[in-house]
>>> print(open('my_file_25.pdb').read())   # PDB, C-alpha atoms
MODEL        1
ATOM      1  CA  MET A  16     -17.070  18.554   7.478
ATOM      2  CA  ILE A  17     -18.856  15.749   5.664
ATOM      3  CA  ASN A  18     -21.993  13.814   6.450
ATOM      4  CA  ALA A  19     -21.699  10.157   7.466
ATOM      5  CA  GLN A  20     -23.642   9.037   4.372
ATOM      6  CA  ASP A  21     -20.916  10.579   2.142
ATOM      7  CA  ILE A  22     -18.219   8.152   3.369
ATOM      8  CA  LYS A  23     -16.782   6.050   0.532
ATOM      9  CA  ASN A  24     -13.742   3.776   0.154
ATOM     10  CA  GLY A  25     -10.613   5.922   0.367
ATOM     11  CA  THR A  26     -12.263   8.762   2.314
ATOM     12  CA  CYS A  27      -9.939  10.086   5.019
ATOM     13  CA  ILE A  28     -11.457  11.359   8.284
ATOM     14  CA  ARG A  29     -10.063  12.729  11.547
ATOM     15  CA  MET A  30     -11.565  11.084  14.626
ATOM     16  CA  ASP A  31     -10.250  11.056  18.224
ATOM     17  CA  ASN A  32      -7.162  13.040  17.059
ATOM     18  CA  ARG A  33      -6.208  10.211  14.662
ATOM     19  CA  LEU A  34      -6.489   9.851  10.894
ATOM     20  CA  TYR A  35      -8.449   6.962   9.377
ATOM     21  CA  PHE A  36      -9.055   5.790   5.818
ATOM     22  CA  CYS A  37     -12.324   4.069   4.990
ATOM     23  CA  VAL A  38     -11.590   0.597   3.589
ATOM     24  CA  GLU A  39     -15.160  -0.722   3.608
ATOM     25  CA  PHE A  40     -18.601   0.813   4.046
ATOM     26  CA  LEU A  41     -22.191  -0.384   4.063
ATOM     27  CA  HIS A  42     -25.380   1.684   4.071
ATOM     28  CA  VAL A  43     -27.770  -0.185   6.430
ATOM     29  CA  LYS A  44     -31.553   0.311   6.469
ATOM     30  CA  PRO A  45     -32.955  -1.838   9.285
ATOM     31  CA  GLY A  46     -36.670  -2.690   9.424
ATOM     32  CA  LYS A  47     -37.017  -0.670  12.612
ATOM     33  CA  GLY A  48     -34.974   2.320  13.666
ATOM     34  CA  ASN A  49     -32.806   4.811  11.854
ATOM     35  CA  THR A  50     -30.577   4.246   8.835
ATOM     36  CA  PHE A  51     -26.844   4.104   9.599
ATOM     37  CA  MET A  52     -23.441   3.549   7.972
ATOM     38  CA  ARG A  53     -21.359   0.546   9.047
ATOM     39  CA  THR A  54     -17.688   1.191   8.225
ATOM     40  CA  LYS A  55     -14.263  -0.355   8.581
ATOM     41  CA  LEU A  56     -11.614   2.299   9.140
ATOM     42  CA  LYS A  57      -7.847   1.810   8.860
ATOM     43  CA  ASP A  58      -5.624   3.836  11.179
ATOM     44  CA  VAL A  59      -3.035   5.686   9.078
ATOM     45  CA  VAL A  60      -0.300   5.488  11.736
ATOM     46  CA  ASP A  61      -0.367   1.880  12.956
ATOM     47  CA  GLY A  62      -2.481   0.158  10.275
ATOM     48  CA  ARG A  63      -5.075  -1.263  12.692
ATOM     49  CA  VAL A  64      -8.577  -1.680  11.292
ATOM     50  CA  ILE A  65     -11.536  -0.756  13.473
ATOM     51  CA  GLU A  66     -15.264  -1.105  12.873
ATOM     52  CA  ARG A  67     -17.382   1.980  13.490
ATOM     53  CA  ARG A  68     -21.072   2.807  13.089
ATOM     54  CA  PHE A  69     -22.258   6.306  12.159
ATOM     55  CA  ASN A  70     -25.827   7.604  12.154
ATOM     56  CA  ILE A  71     -27.007   9.204   8.913
ATOM     57  CA  GLY A  72     -26.611  12.972   9.166
ATOM     58  CA  GLU A  73     -23.759  12.739  11.683
ATOM     59  CA  LYS A  74     -21.026  15.286  10.887
ATOM     60  CA  LEU A  75     -17.434  14.046  10.508
ATOM     61  CA  GLU A  76     -14.198  15.978  10.030
ATOM     62  CA  ASP A  77     -12.785  15.054   6.649
ATOM     63  CA  VAL A  78      -9.121  15.392   5.726
ATOM     64  CA  ARG A  79      -8.089  16.487   2.272
ATOM     65  CA  VAL A  80      -5.337  14.192   1.025
ATOM     66  CA  GLU A  81      -3.096  14.510  -1.999
ATOM     67  CA  HIS A  82      -1.554  11.702  -4.042
ATOM     68  CA  ARG A  83       1.775  12.555  -5.632
ATOM     69  CA  PRO A  84       4.334  10.436  -7.499
ATOM     70  CA  TYR A  85       7.746  10.261  -5.807
ATOM     71  CA  GLN A  86      10.818   8.421  -7.087
ATOM     72  CA  PHE A  87      12.886   6.313  -4.688
ATOM     73  CA  LEU A  88      16.516   7.463  -4.706
ATOM     74  CA  TYR A  89      18.337   5.665  -1.879
ATOM     75  CA  ALA A  90      18.085   4.358   1.680
ATOM     76  CA  GLU A  91      19.667   6.308   4.533
ATOM     77  CA  GLY A  92      19.451   4.698   7.984
ATOM     78  CA  GLU A  93      15.807   4.141   8.949
ATOM     79  CA  ASP A  94      14.566   6.457   6.184
ATOM     80  CA  ASN A  95      14.223   6.220   2.433
ATOM     81  CA  ILE A  96      14.947   9.324   0.385
ATOM     82  CA  PHE A  97      12.349  10.136  -2.283
ATOM     83  CA  MET A  98      12.223  12.847  -4.939
ATOM     84  CA  ASN A  99       9.030  14.661  -5.914
ATOM     85  CA  GLN A 100       8.492  14.052  -9.661
ATOM     86  CA  GLU A 101       7.104  17.584 -10.199
ATOM     87  CA  THR A 102       9.273  19.861  -8.016
ATOM     88  CA  TYR A 103      12.430  17.671  -7.715
ATOM     89  CA  GLU A 104      12.363  18.289  -3.943
ATOM     90  CA  GLN A 105      13.877  15.449  -1.891
ATOM     91  CA  ILE A 106      12.199  14.223   1.298
ATOM     92  CA  PRO A 107      12.907  11.397   3.772
ATOM     93  CA  ILE A 108      10.092   8.924   4.484
ATOM     94  CA  SER A 109      10.337   6.319   7.237
ATOM     95  CA  LYS A 110      10.521   2.705   6.013
ATOM     96  CA  GLU A 111       7.499   1.825   8.196
ATOM     97  CA  LEU A 112       5.293   4.181   6.145
ATOM     98  CA  VAL A 113       6.058   2.464   2.805
ATOM     99  CA  THR A 114       3.954  -0.560   1.857
ATOM    100  CA  GLY A 115       5.946  -3.161  -0.089
ATOM    101  CA  VAL A 116       9.266  -1.573   0.938
ATOM    102  CA  GLN A 117      11.141  -4.902   0.714
ATOM    103  CA  PHE A 118      10.465  -5.008  -3.062
ATOM    104  CA  MET A 119      11.504  -1.402  -3.774
ATOM    105  CA  LYS A 120      14.584  -0.726  -5.883
ATOM    106  CA  GLU A 121      16.276   2.516  -6.924
ATOM    107  CA  GLY A 122      14.279   4.448  -9.495
ATOM    108  CA  ASP A 123      10.882   2.966  -8.551
ATOM    109  CA  VAL A 124       8.027   5.463  -8.465
ATOM    110  CA  VAL A 125       5.679   5.254  -5.469
ATOM    111  CA  ASP A 126       2.383   6.976  -4.702
ATOM    112  CA  VAL A 127       2.877   9.229  -1.650
ATOM    113  CA  VAL A 128      -0.289  10.240   0.200
ATOM    114  CA  SER A 129      -0.041  13.377   2.324
ATOM    115  CA  ASP A 130      -2.358  15.564   4.402
ATOM    116  CA  ALA A 131      -2.943  18.638   2.216
ATOM    117  CA  SER A 132      -3.358  21.052   5.138
ATOM    118  CA  THR A 133      -0.183  20.135   7.072
ATOM    119  CA  GLU A 134       1.890  18.546   4.253
ATOM    120  CA  THR A 135       2.490  15.561   6.555
ATOM    121  CA  VAL A 136       3.238  12.287   4.766
ATOM    122  CA  LEU A 137       0.623   9.714   5.782
ATOM    123  CA  TYR A 138       1.994   6.728   3.848
ATOM    124  CA  ALA A 139       3.642   5.699   0.573
ATOM    125  CA  GLU A 140       2.459   2.847  -1.592
ATOM    126  CA  MET A 141       4.381   0.763  -4.101
ATOM    127  CA  PRO A 142       2.588  -0.181  -7.334
ATOM    128  CA  ILE A 143       0.649  -3.437  -6.873
ATOM    129  CA  LYS A 144       2.970  -5.340  -9.224
ATOM    130  CA  THR A 145       6.680  -4.893  -9.801
ATOM    131  CA  VAL A 146       9.264  -6.693 -11.960
ATOM    132  CA  LEU A 147      12.342  -8.049 -10.176
ATOM    133  CA  LYS A 148      15.356 -10.138 -11.202
ATOM    134  CA  ILE A 149      16.139 -13.434  -9.454
ATOM    135  CA  THR A 150      19.656 -13.237  -7.949
ATOM    136  CA  TYR A 151      19.708 -16.678  -6.319
ATOM    137  CA  THR A 152      17.611 -19.835  -6.395
ATOM    138  CA  GLU A 153      18.238 -23.558  -6.580
ATOM    139  CA  PRO A 154      18.441 -24.696 -10.222
ATOM    140  CA  GLY A 155      15.201 -25.951 -11.731
ATOM    141  CA  LEU A 156      14.832 -29.287 -13.442
ATOM    142  CA  LYS A 157      13.495 -29.682 -16.951
ATOM    143  CA  GLY A 158       9.928 -30.903 -16.880
ATOM    144  CA  ASP A 159       9.110 -29.537 -13.384
ATOM    145  CA  THR A 160       6.008 -27.716 -14.617
ATOM    146  CA  ALA A 161       3.277 -30.248 -13.818
ATOM    147  CA  THR A 162       3.113 -29.663 -10.066
ATOM    148  CA  ASN A 163       2.541 -26.361  -8.350
ATOM    149  CA  THR A 164       5.360 -26.849  -5.847
ATOM    150  CA  LEU A 165       7.195 -23.670  -4.836
ATOM    151  CA  LYS A 166      10.820 -22.994  -3.845
ATOM    152  CA  PRO A 167      12.436 -19.921  -2.240
ATOM    153  CA  ALA A 168      14.197 -17.404  -4.494
ATOM    154  CA  THR A 169      16.109 -14.248  -3.588
ATOM    155  CA  VAL A 170      15.352 -11.192  -5.741
ATOM    156  CA  GLU A 171      17.580  -8.180  -6.465
ATOM    157  CA  THR A 172      16.220  -6.203  -3.476
ATOM    158  CA  GLY A 173      17.221  -8.977  -1.059
ATOM    159  CA  ALA A 174      13.660 -10.150  -0.377
ATOM    160  CA  THR A 175      12.684 -13.814  -0.628
ATOM    161  CA  VAL A 176       9.801 -14.882  -2.888
ATOM    162  CA  ARG A 177       8.310 -18.372  -3.317
ATOM    163  CA  VAL A 178       8.484 -19.272  -7.026
ATOM    164  CA  PRO A 179       7.647 -22.375  -9.114
ATOM    165  CA  LEU A 180      10.378 -25.000  -9.579
ATOM    166  CA  PHE A 181      11.033 -24.108 -13.242
ATOM    167  CA  ILE A 182      12.183 -20.529 -12.467
ATOM    168  CA  ASN A 183      15.975 -20.100 -12.677
ATOM    169  CA  GLU A 184      18.562 -17.570 -11.555
ATOM    170  CA  GLY A 185      18.747 -14.428 -13.735
ATOM    171  CA  GLU A 186      15.101 -14.554 -14.850
ATOM    172  CA  LEU A 187      12.683 -11.654 -14.419
ATOM    173  CA  ILE A 188       9.518 -12.276 -12.426
ATOM    174  CA  GLU A 189       6.496 -10.187 -11.524
ATOM    175  CA  VAL A 190       5.763  -9.912  -7.780
ATOM    176  CA  ASP A 191       2.627  -8.711  -5.972
ATOM    177  CA  THR A 192       3.967  -6.088  -3.513
ATOM    178  CA  ARG A 193       0.986  -6.405  -1.132
ATOM    179  CA  ASP A 194       1.754  -9.978  -0.036
ATOM    180  CA  GLY A 195       5.043 -10.849  -1.770
ATOM    181  CA  SER A 196       3.526 -13.559  -3.944
ATOM    182  CA  TYR A 197       4.797 -14.680  -7.350
ATOM    183  CA  VAL A 198       2.561 -13.484 -10.211
ATOM    184  CA  GLY A 199       4.344 -14.678 -13.318
ATOM    185  CA  ARG A 200       7.464 -14.813 -15.455
ATOM    186  CA  VAL A 201       8.373 -11.732 -17.512
ATOM    187  CA  LYS A 202       9.930 -12.065 -20.960
ATOM    188  CA  ALA A 203      12.990  -9.824 -21.298
TER     189      ALA A 203
ENDMDL
END
>>> encode(input="my_file_25.pdb", output="structure tokens")
Amino acid sequence: MINAQDIKNGTCIRMDNRLYFCVEFLHVKPGKGNTFMRTKLKDVVDGRVIERRFNIGEKLEDVRVEHRPYQFLYAEGEDNIFMNQETYEQIPISKELVTGVQFMKEGDVVDVVSDASTETVLYAEMPIKTVLKITYTEPGLKGDTATNTLKPATVETGATVRVPLFINEGELIEVDTRDGSYVGRVKA
């Protein structure tokens, strides 16, 4: 059990038989009345964000979570098979639980977050940036660097990314896995 004033970003709590991660918190001291914590909590299962207010001193059930590196091996139906980097144990994780799954390629290492008491996988997270090869895009024209116009490009995982006009097929680009945006060109 933790006190409400101990909630920080990343704290995992169990409330109403559901698990929530704190994504935002604010310690509020109004002119009148008691001090309280205003929080935004993200549901681990469906990703919905709710706002919740806790009085200072209120007891909450905290959940101990563990972050472990797992390597993506292959896809099998609706699951992805990952290997624990420490024990070499292989586990299936549903594609819905992996953030940035459309940019994941074989051999990528993801951060798997699990409930330490039940060993249940809560979610898996790709690194924020990943390097991918362009497999198809319309050819760029020389001198198309002045405007910030974007064109669609297919990367090696099959996902589509909007890239600047000067990017050509076969080039390596860096992609933000949170929103699928182009970050920059990578020199080979």
>>> resolve_selection(input="my_file_25.pdb", expression="the PyMOL selection byres ((chain A and resi 106-108) around 7)", output="list in words")
Asp94, Asn95, Ile96, Phe97, Met98, Glu104, Gln105, Ser109, Lys110 and Leu112 of chain A
>>> atom_distance(input="my_file_25.pdb", atom1="CA of Gly122 in chain A", atom2="CA of Val59 in chain A")
25.4 Å
>>> atom_distance(input="my_file_25.pdb", atom1="CA of Pro142 in chain A", atom2="CA of Asp126 in chain A")
7.6 Å
>>> resolve_selection(input="my_file_25.pdb", expression="the PyMOL selection byres ((chain A and resi 25) around 10)", output="ChimeraX atom specification")
/A:22-24,26-28,35-39,56-57,80
>>> resolve_selection(input="my_file_25.pdb", expression="the PyMOL selection byres ((chain A and resi 165) around 6)", output="list in words")
Thr164, Lys166, Arg177, Val178, Pro179 and Leu180 of chain A
>>> write_last_selection(input="my_file_25.pdb", atoms="C-alpha atoms", output="PDB file, in the frame of the given file")
ATOM      1  CA  THR A 164       5.360 -26.849  -5.847  1.00  0.00           C
ATOM      2  CA  LYS A 166      10.820 -22.994  -3.845  1.00  0.00           C
ATOM      3  CA  ARG A 177       8.310 -18.372  -3.317  1.00  0.00           C
ATOM      4  CA  VAL A 178       8.484 -19.272  -7.026  1.00  0.00           C
ATOM      5  CA  PRO A 179       7.647 -22.375  -9.114  1.00  0.00           C
ATOM      6  CA  LEU A 180      10.378 -25.000  -9.579  1.00  0.00           C
TER       7      LEU A 180
END
>>> closest_residue(input="my_file_25.pdb", among="A:Val78, A:Val113, A:Val64, A:Leu137", to="Glu93 in chain A", atoms="only C-alpha atoms")
A:Val113
>>> residues_near_point(input="my_file_25.pdb", point="(12.2, -17.4, -3.0)", cutoff="8 Å", atoms="all atoms listed in the file", output="list in words")
Thr152, Lys166, Pro167, Ala168, Thr169, Val170, Ala174, Thr175, Val176, Arg177 and Val178 of chain A
>>> write_last_selection(input="my_file_25.pdb", atoms="C-alpha atoms", output="JSON list (two decimals), in the frame of the given file")
[["chain", "number", "residue", "atom", "x", "y", "z"],
["A", 152, "THR", "CA", 17.61, -19.84, -6.40],
["A", 166, "LYS", "CA", 10.82, -22.99, -3.84],
["A", 167, "PRO", "CA", 12.44, -19.92, -2.24],
["A", 168, "ALA", "CA", 14.20, -17.40, -4.49],
["A", 169, "THR", "CA", 16.11, -14.25, -3.59],
["A", 170, "VAL", "CA", 15.35, -11.19, -5.74],
["A", 174, "ALA", "CA", 13.66, -10.15, -0.38],
["A", 175, "THR", "CA", 12.68, -13.81, -0.63],
["A", 176, "VAL", "CA", 9.80, -14.88, -2.89],
["A", 177, "ARG", "CA", 8.31, -18.37, -3.32],
["A", 178, "VAL", "CA", 8.48, -19.27, -7.03]]
>>> closest_atom_pairs(input="my_file_25.pdb", of="range 105-163 of chain A", to="range 85-90 of chain A", cutoff="6 Å", atoms="only C-alpha atoms", output="CSV")
residue,atom,partner,partner_atom,distance
A:Glu121,CA,A:Leu88,CA,5.4
A:Gly122,CA,A:Phe87,CA,5.3
A:Asp123,CA,A:Phe87,CA,5.5
A:Val124,CA,A:Gln86,CA,4.3
A:Val125,CA,A:Tyr85,CA,5.4
>>> write_last_selection(input="my_file_25.pdb", atoms="C-alpha atoms", output="compact mmCIF listing (two decimals), keeping the file's coordinate frame")
# COMPACT_ATOMS: atom_id res chain seq x y z
CA GLU A 121 16.28 2.52 -6.92
CA GLY A 122 14.28 4.45 -9.49
CA ASP A 123 10.88 2.97 -8.55
CA VAL A 124 8.03 5.46 -8.46
CA VAL A 125 5.68 5.25 -5.47
>>> residues_around(input="my_file_25.pdb", residues="Ile71 in chain A", least_positions_apart="6", cutoff="8 Å", atoms="all atoms listed in the file", output="ChimeraX atom specification")
/A:18-20,49-52
>>> closest_residue(input="my_file_25.pdb", among="A:Gly115, A:Arg79, A:Arg200, A:Leu147", to="Thr133 in chain A", atoms="all atoms listed in the file")
A:Arg79
>>> closest_residue(input="my_file_25.pdb", among="A:Met119, A:Ile143, A:Val127, A:Leu187", to="Gly173 in chain A", atoms="all atoms listed in the file")
A:Met119
>>> residues_around(input="my_file_25.pdb", residues="Glu66 in chain A", least_positions_apart="5", cutoff="8 Å", atoms="all atoms listed in the file", output="ChimeraX atom specification")
/A:53-56
>>> write_last_selection(input="my_file_25.pdb", atoms="C-alpha atoms", output="PDB file, in the frame of the given file")
ATOM      1  CA  ARG A  53     -21.359   0.546   9.047  1.00  0.00           C
ATOM      2  CA  THR A  54     -17.688   1.191   8.225  1.00  0.00           C
ATOM      3  CA  LYS A  55     -14.263  -0.355   8.581  1.00  0.00           C
ATOM      4  CA  LEU A  56     -11.614   2.299   9.140  1.00  0.00           C
TER       5      LEU A  56
END
>>> closest_residue(input="my_file_25.pdb", among="A:Arg193, A:Lys202, A:Arg83, A:Arg33", to="Thr114 in chain A", atoms="only C-alpha atoms")
A:Arg193
